[in-house]
$ cat entry.pdb   # PDB, C-alpha atoms
ATOM      1  CA  MET A   1       0.000   0.000   0.000
ATOM      2  CA  ALA A   2       1.339   3.415  -0.987
ATOM      3  CA  PRO A   3       2.078   5.886   1.803
ATOM      4  CA  ARG A   4      -0.516   8.589   2.290
ATOM      5  CA  ALA A   5       0.372  12.161   1.510
ATOM      6  CA  ARG A   6       0.843  14.259   4.603
ATOM      7  CA  CYS A   7      -1.499  17.161   5.005
ATOM      8  CA  ARG A   8      -0.563  20.338   6.796
ATOM      9  CA  TRP A   9      -2.287  20.743  10.112
ATOM     10  CA  PRO A  10      -3.652  23.279  10.844
ATOM     11  CA  TRP A  11      -4.583  24.093   7.290
ATOM     12  CA  VAL A  12      -2.842  27.201   6.094
ATOM     13  CA  GLN A  13      -5.028  29.904   4.594
ATOM     14  CA  PRO A  14      -3.951  31.568   1.350
ATOM     15  CA  SER A  15      -1.783  34.643   1.673
ATOM     16  CA  CYS A  16      -3.034  38.108   0.795
ATOM     17  CA  PHE A  17      -1.127  38.028  -2.492
ATOM     18  CA  ASP A  18      -2.721  34.681  -3.367
ATOM     19  CA  ARG A  19      -6.162  36.143  -2.689
ATOM     20  CA  VAL A  20      -5.432  39.173  -4.886
ATOM     21  CA  LYS A  21      -4.255  36.850  -7.692
ATOM     22  CA  MET A  22      -7.374  34.723  -7.313
ATOM     23  CA  GLY A  23      -9.560  37.836  -7.461
ATOM     24  CA  PHE A  24      -7.815  39.013 -10.624
ATOM     25  CA  VAL A  25      -8.216  35.642 -12.342
ATOM     26  CA  MET A  26     -11.893  35.381 -11.402
ATOM     27  CA  GLY A  27     -12.472  38.949 -12.559
ATOM     28  CA  CYS A  28     -10.715  38.259 -15.851
ATOM     29  CA  ALA A  29     -12.869  35.205 -16.490
ATOM     30  CA  VAL A  30     -16.114  37.043 -15.794
ATOM     31  CA  GLY A  31     -15.002  40.145 -17.686
ATOM     32  CA  MET A  32     -13.933  38.165 -20.740
ATOM     33  CA  ALA A  33     -17.234  36.301 -20.836
ATOM     34  CA  ALA A  34     -19.146  39.579 -20.641
ATOM     35  CA  GLY A  35     -16.807  41.094 -23.228
ATOM     36  CA  ALA A  36     -17.475  38.221 -25.605
ATOM     37  CA  LEU A  37     -21.214  38.791 -25.385
ATOM     38  CA  PHE A  38     -21.180  42.565 -25.590
ATOM     39  CA  GLY A  39     -18.354  42.637 -28.132
ATOM     40  CA  THR A  40     -20.150  40.232 -30.454
ATOM     41  CA  PHE A  41     -23.349  42.227 -30.426
ATOM     42  CA  SER A  42     -21.659  45.596 -30.842
ATOM     43  CA  CYS A  43     -19.384  44.419 -33.666
ATOM     44  CA  LEU A  44     -22.239  42.759 -35.532
ATOM     45  CA  ARG A  45     -24.385  45.848 -35.049
ATOM     46  CA  ILE A  46     -21.868  48.100 -36.819
ATOM     47  CA  GLY A  47     -21.450  45.586 -39.644
ATOM     48  CA  MET A  48     -18.075  43.910 -39.025
ATOM     49  CA  ARG A  49     -17.412  40.582 -40.739
ATOM     50  CA  GLY A  50     -14.645  37.975 -40.834
ATOM     51  CA  ARG A  51     -11.209  38.842 -39.517
ATOM     52  CA  GLU A  52     -12.290  42.320 -38.480
ATOM     53  CA  LEU A  53     -15.117  40.806 -36.394
ATOM     54  CA  MET A  54     -12.762  38.414 -34.591
ATOM     55  CA  GLY A  55     -10.301  41.217 -33.876
ATOM     56  CA  GLY A  56     -13.050  43.448 -32.509
ATOM     57  CA  ILE A  57     -14.429  40.721 -30.272
ATOM     58  CA  GLY A  58     -10.960  39.830 -28.981
ATOM     59  CA  LYS A  59     -10.154  43.467 -28.252
ATOM     60  CA  THR A  60     -13.392  43.926 -26.333
ATOM     61  CA  MET A  61     -12.793  40.706 -24.379
ATOM     62  CA  MET A  62      -9.287  41.748 -23.361
ATOM     63  CA  GLN A  63     -10.369  45.244 -22.352
ATOM     64  CA  SER A  64     -13.311  44.147 -20.258
ATOM     65  CA  GLY A  65     -11.401  41.216 -18.748
ATOM     66  CA  GLY A  66      -8.492  43.412 -17.726
ATOM     67  CA  THR A  67     -10.720  46.117 -16.324
ATOM     68  CA  PHE A  68     -12.954  43.809 -14.318
ATOM     69  CA  GLY A  69      -9.972  41.750 -13.176
ATOM     70  CA  THR A  70      -8.229  44.865 -11.880
ATOM     71  CA  PHE A  71     -11.252  45.966  -9.905
ATOM     72  CA  MET A  72     -11.747  42.480  -8.456
ATOM     73  CA  ALA A  73      -8.069  42.356  -7.452
ATOM     74  CA  ILE A  74      -8.392  45.741  -5.726
ATOM     75  CA  GLY A  75     -11.514  44.541  -3.929
ATOM     76  CA  MET A  76      -9.785  41.386  -2.732
ATOM     77  CA  GLY A  77      -6.795  43.443  -1.604
ATOM     78  CA  ILE A  78      -9.056  45.645   0.475
ATOM     79  CA  ARG A  79     -10.553  42.575   2.157
ATOM     80  CA  CYS A  80      -7.121  41.240   3.271
TER
END
$ encode --input "entry.pdb" --output "structure tokens"
Amino acid sequence: MAPRARCRWPWVQPSCFDRVKMGFVMGCAVGMAAGALFGTFSCLRIGMRGRELMGGIGKTMMQSGGTFGTFMAIGMGIRC
């Protein structure tokens, strides 16, 4: 029988920097999903097609993901 992995007792909570990173990643995921939706509708509304459409959607996703991720990271930093 293989030896069991040792667990740390008491369990160590994540550091403040880890929480800020986690907040940024969660914010990026939510922001990019919202950016994909809003970017698709806005680019199709102004008549973009093909490569231009993909570039517009990607730009909107990156902008909204970065913005929302930054605000979530700041919020998690305040909570530390």
$ closest_residue --input "entry.pdb" --among "A:Gly55, A:Gly50, A:Gly65, A:Gly75" --to "Ala33 in chain A" --atoms "all atoms listed in the file"
A:Gly65
$ residues_near_point --input "entry.pdb" --point "(-20.5, 39.9, -24.9)" --cutoff "12 Å" --atoms "only C-alpha atoms" --output "mmCIF file with C-alpha atoms, keeping the file's coordinate frame"
data_model
loop_
_atom_site.group_PDB
_atom_site.id
_atom_site.type_symbol
_atom_site.label_atom_id
_atom_site.label_comp_id
_atom_site.auth_asym_id
_atom_site.auth_seq_id
_atom_site.Cartn_x
_atom_site.Cartn_y
_atom_site.Cartn_z
ATOM 1 C CA VAL A 30 -16.114 37.043 -15.794
ATOM 2 C CA GLY A 31 -15.002 40.145 -17.686
ATOM 3 C CA MET A 32 -13.933 38.165 -20.740
ATOM 4 C CA ALA A 33 -17.234 36.301 -20.836
ATOM 5 C CA ALA A 34 -19.146 39.579 -20.641
ATOM 6 C CA GLY A 35 -16.807 41.094 -23.228
ATOM 7 C CA ALA A 36 -17.475 38.221 -25.605
ATOM 8 C CA LEU A 37 -21.214 38.791 -25.385
ATOM 9 C CA PHE A 38 -21.180 42.565 -25.590
ATOM 10 C CA GLY A 39 -18.354 42.637 -28.132
ATOM 11 C CA THR A 40 -20.150 40.232 -30.454
ATOM 12 C CA PHE A 41 -23.349 42.227 -30.426
ATOM 13 C CA SER A 42 -21.659 45.596 -30.842
ATOM 14 C CA CYS A 43 -19.384 44.419 -33.666
ATOM 15 C CA LEU A 44 -22.239 42.759 -35.532
ATOM 16 C CA GLY A 56 -13.050 43.448 -32.509
ATOM 17 C CA ILE A 57 -14.429 40.721 -30.272
ATOM 18 C CA GLY A 58 -10.960 39.830 -28.981
ATOM 19 C CA LYS A 59 -10.154 43.467 -28.252
ATOM 20 C CA THR A 60 -13.392 43.926 -26.333
ATOM 21 C CA MET A 61 -12.793 40.706 -24.379
ATOM 22 C CA MET A 62 -9.287 41.748 -23.361
ATOM 23 C CA GLN A 63 -10.369 45.244 -22.352
ATOM 24 C CA SER A 64 -13.311 44.147 -20.258
ATOM 25 C CA GLY A 65 -11.401 41.216 -18.748
#
$ resolve_selection --input "entry.pdb" --expression "the PyMOL selection byres ((chain A and resi 22-24) around 9)" --output "ChimeraX atom specification"
/A:17-21,25-29,66,68-77
$ write_last_selection --input "entry.pdb" --atoms "C-alpha atoms" --output "CSV table (one decimal), in the coordinates of the input"
chain,number,residue,atom,x,y,z
A,17,PHE,CA,-1.1,38.0,-2.5
A,18,ASP,CA,-2.7,34.7,-3.4
A,19,ARG,CA,-6.2,36.1,-2.7
A,20,VAL,CA,-5.4,39.2,-4.9
A,21,LYS,CA,-4.3,36.8,-7.7
A,25,VAL,CA,-8.2,35.6,-12.3
A,26,MET,CA,-11.9,35.4,-11.4
A,27,GLY,CA,-12.5,38.9,-12.6
A,28,CYS,CA,-10.7,38.3,-15.9
A,29,ALA,CA,-12.9,35.2,-16.5
A,66,GLY,CA,-8.5,43.4,-17.7
A,68,PHE,CA,-13.0,43.8,-14.3
A,69,GLY,CA,-10.0,41.8,-13.2
A,70,THR,CA,-8.2,44.9,-11.9
A,71,PHE,CA,-11.3,46.0,-9.9
A,72,MET,CA,-11.7,42.5,-8.5
A,73,ALA,CA,-8.1,42.4,-7.5
A,74,ILE,CA,-8.4,45.7,-5.7
A,75,GLY,CA,-11.5,44.5,-3.9
A,76,MET,CA,-9.8,41.4,-2.7
A,77,GLY,CA,-6.8,43.4,-1.6
$ build_atoms --input "entry.pdb" --residues "range 53-79 of chain A" --atoms "N, CA and C atoms" --output "JSON list (two decimals), in the coordinates of the input"
[["chain", "number", "residue", "atom", "x", "y", "z"],
["A", 53, "LEU", "N", -14.20, 41.18, -37.47],
["A", 53, "LEU", "CA", -15.12, 40.81, -36.39],
["A", 53, "LEU", "C", -14.37, 40.10, -35.27],
["A", 54, "MET", "N", -13.51, 39.14, -35.62],
["A", 54, "MET", "CA", -12.76, 38.41, -34.59],
["A", 54, "MET", "C", -11.81, 39.34, -33.83],
["A", 55, "GLY", "N", -11.18, 40.27, -34.54],
["A", 55, "GLY", "CA", -10.30, 41.22, -33.88],
["A", 55, "GLY", "C", -11.06, 42.14, -32.94],
["A", 56, "GLY", "N", -12.24, 42.58, -33.36],
["A", 56, "GLY", "CA", -13.05, 43.45, -32.51],
["A", 56, "GLY", "C", -13.55, 42.74, -31.27],
["A", 57, "ILE", "N", -13.96, 41.49, -31.43],
["A", 57, "ILE", "CA", -14.43, 40.72, -30.27],
["A", 57, "ILE", "C", -13.27, 40.46, -29.31],
["A", 58, "GLY", "N", -12.12, 40.08, -29.83],
["A", 58, "GLY", "CA", -10.96, 39.83, -28.98],
["A", 58, "GLY", "C", -10.52, 41.07, -28.23],
["A", 59, "LYS", "N", -10.54, 42.22, -28.91],
["A", 59, "LYS", "CA", -10.15, 43.47, -28.25],
["A", 59, "LYS", "C", -11.12, 43.81, -27.12],
["A", 60, "THR", "N", -12.40, 43.64, -27.37],
["A", 60, "THR", "CA", -13.39, 43.93, -26.33],
["A", 60, "THR", "C", -13.25, 42.96, -25.16],
["A", 61, "MET", "N", -12.97, 41.69, -25.45],
["A", 61, "MET", "CA", -12.79, 40.71, -24.38],
["A", 61, "MET", "C", -11.59, 41.05, -23.51],
["A", 62, "MET", "N", -10.49, 41.42, -24.13],
["A", 62, "MET", "CA", -9.29, 41.75, -23.36],
["A", 62, "MET", "C", -9.48, 43.01, -22.52],
["A", 63, "GLN", "N", -10.15, 44.00, -23.10],
["A", 63, "GLN", "CA", -10.37, 45.24, -22.35],
["A", 63, "GLN", "C", -11.28, 45.02, -21.15],
["A", 64, "SER", "N", -12.39, 44.34, -21.37],
["A", 64, "SER", "CA", -13.31, 44.15, -20.26],
["A", 64, "SER", "C", -12.75, 43.17, -19.23],
["A", 65, "GLY", "N", -12.02, 42.15, -19.68],
["A", 65, "GLY", "CA", -11.40, 41.22, -18.75],
["A", 65, "GLY", "C", -10.34, 41.89, -17.89],
["A", 66, "GLY", "N", -9.51, 42.70, -18.49],
["A", 66, "GLY", "CA", -8.49, 43.41, -17.73],
["A", 66, "GLY", "C", -9.08, 44.41, -16.75],
["A", 67, "THR", "N", -10.10, 45.12, -17.19],
["A", 67, "THR", "CA", -10.72, 46.12, -16.32],
["A", 67, "THR", "C", -11.40, 45.46, -15.13],
["A", 68, "PHE", "N", -12.23, 44.46, -15.41],
["A", 68, "PHE", "CA", -12.95, 43.81, -14.32],
["A", 68, "PHE", "C", -12.00, 43.04, -13.40],
["A", 69, "GLY", "N", -10.96, 42.44, -13.99],
["A", 69, "GLY", "CA", -9.97, 41.75, -13.18],
["A", 69, "GLY", "C", -9.23, 42.69, -12.24],
["A", 70, "THR", "N", -8.91, 43.88, -12.73],
["A", 70, "THR", "CA", -8.23, 44.86, -11.88],
["A", 70, "THR", "C", -9.11, 45.28, -10.72],
["A", 71, "PHE", "N", -10.36, 45.55, -10.98],
["A", 71, "PHE", "CA", -11.25, 45.97, -9.90],
["A", 71, "PHE", "C", -11.50, 44.84, -8.90],
["A", 72, "MET", "N", -11.59, 43.60, -9.38],
["A", 72, "MET", "CA", -11.75, 42.48, -8.46],
["A", 72, "MET", "C", -10.49, 42.29, -7.61],
["A", 73, "ALA", "N", -9.31, 42.48, -8.21],
["A", 73, "ALA", "CA", -8.07, 42.36, -7.45],
["A", 73, "ALA", "C", -7.98, 43.44, -6.39],
["A", 74, "ILE", "N", -8.39, 44.65, -6.71],
["A", 74, "ILE", "CA", -8.39, 45.74, -5.73],
["A", 74, "ILE", "C", -9.36, 45.41, -4.60],
["A", 75, "GLY", "N", -10.53, 44.90, -4.95],
["A", 75, "GLY", "CA", -11.51, 44.54, -3.93],
["A", 75, "GLY", "C", -11.02, 43.44, -3.00],
["A", 76, "MET", "N", -10.33, 42.46, -3.56],
["A", 76, "MET", "CA", -9.78, 41.39, -2.73],
["A", 76, "MET", "C", -8.63, 41.90, -1.88],
["A", 77, "GLY", "N", -7.87, 42.85, -2.39],
["A", 77, "GLY", "CA", -6.80, 43.44, -1.60],
["A", 77, "GLY", "C", -7.32, 44.23, -0.43],
["A", 78, "ILE", "N", -8.44, 44.89, -0.61],
["A", 78, "ILE", "CA", -9.06, 45.64, 0.48],
["A", 78, "ILE", "C", -9.55, 44.70, 1.57],
["A", 79, "ARG", "N", -10.02, 43.53, 1.18],
["A", 79, "ARG", "CA", -10.55, 42.58, 2.16],
["A", 79, "ARG", "C", -9.47, 41.88, 2.97]]
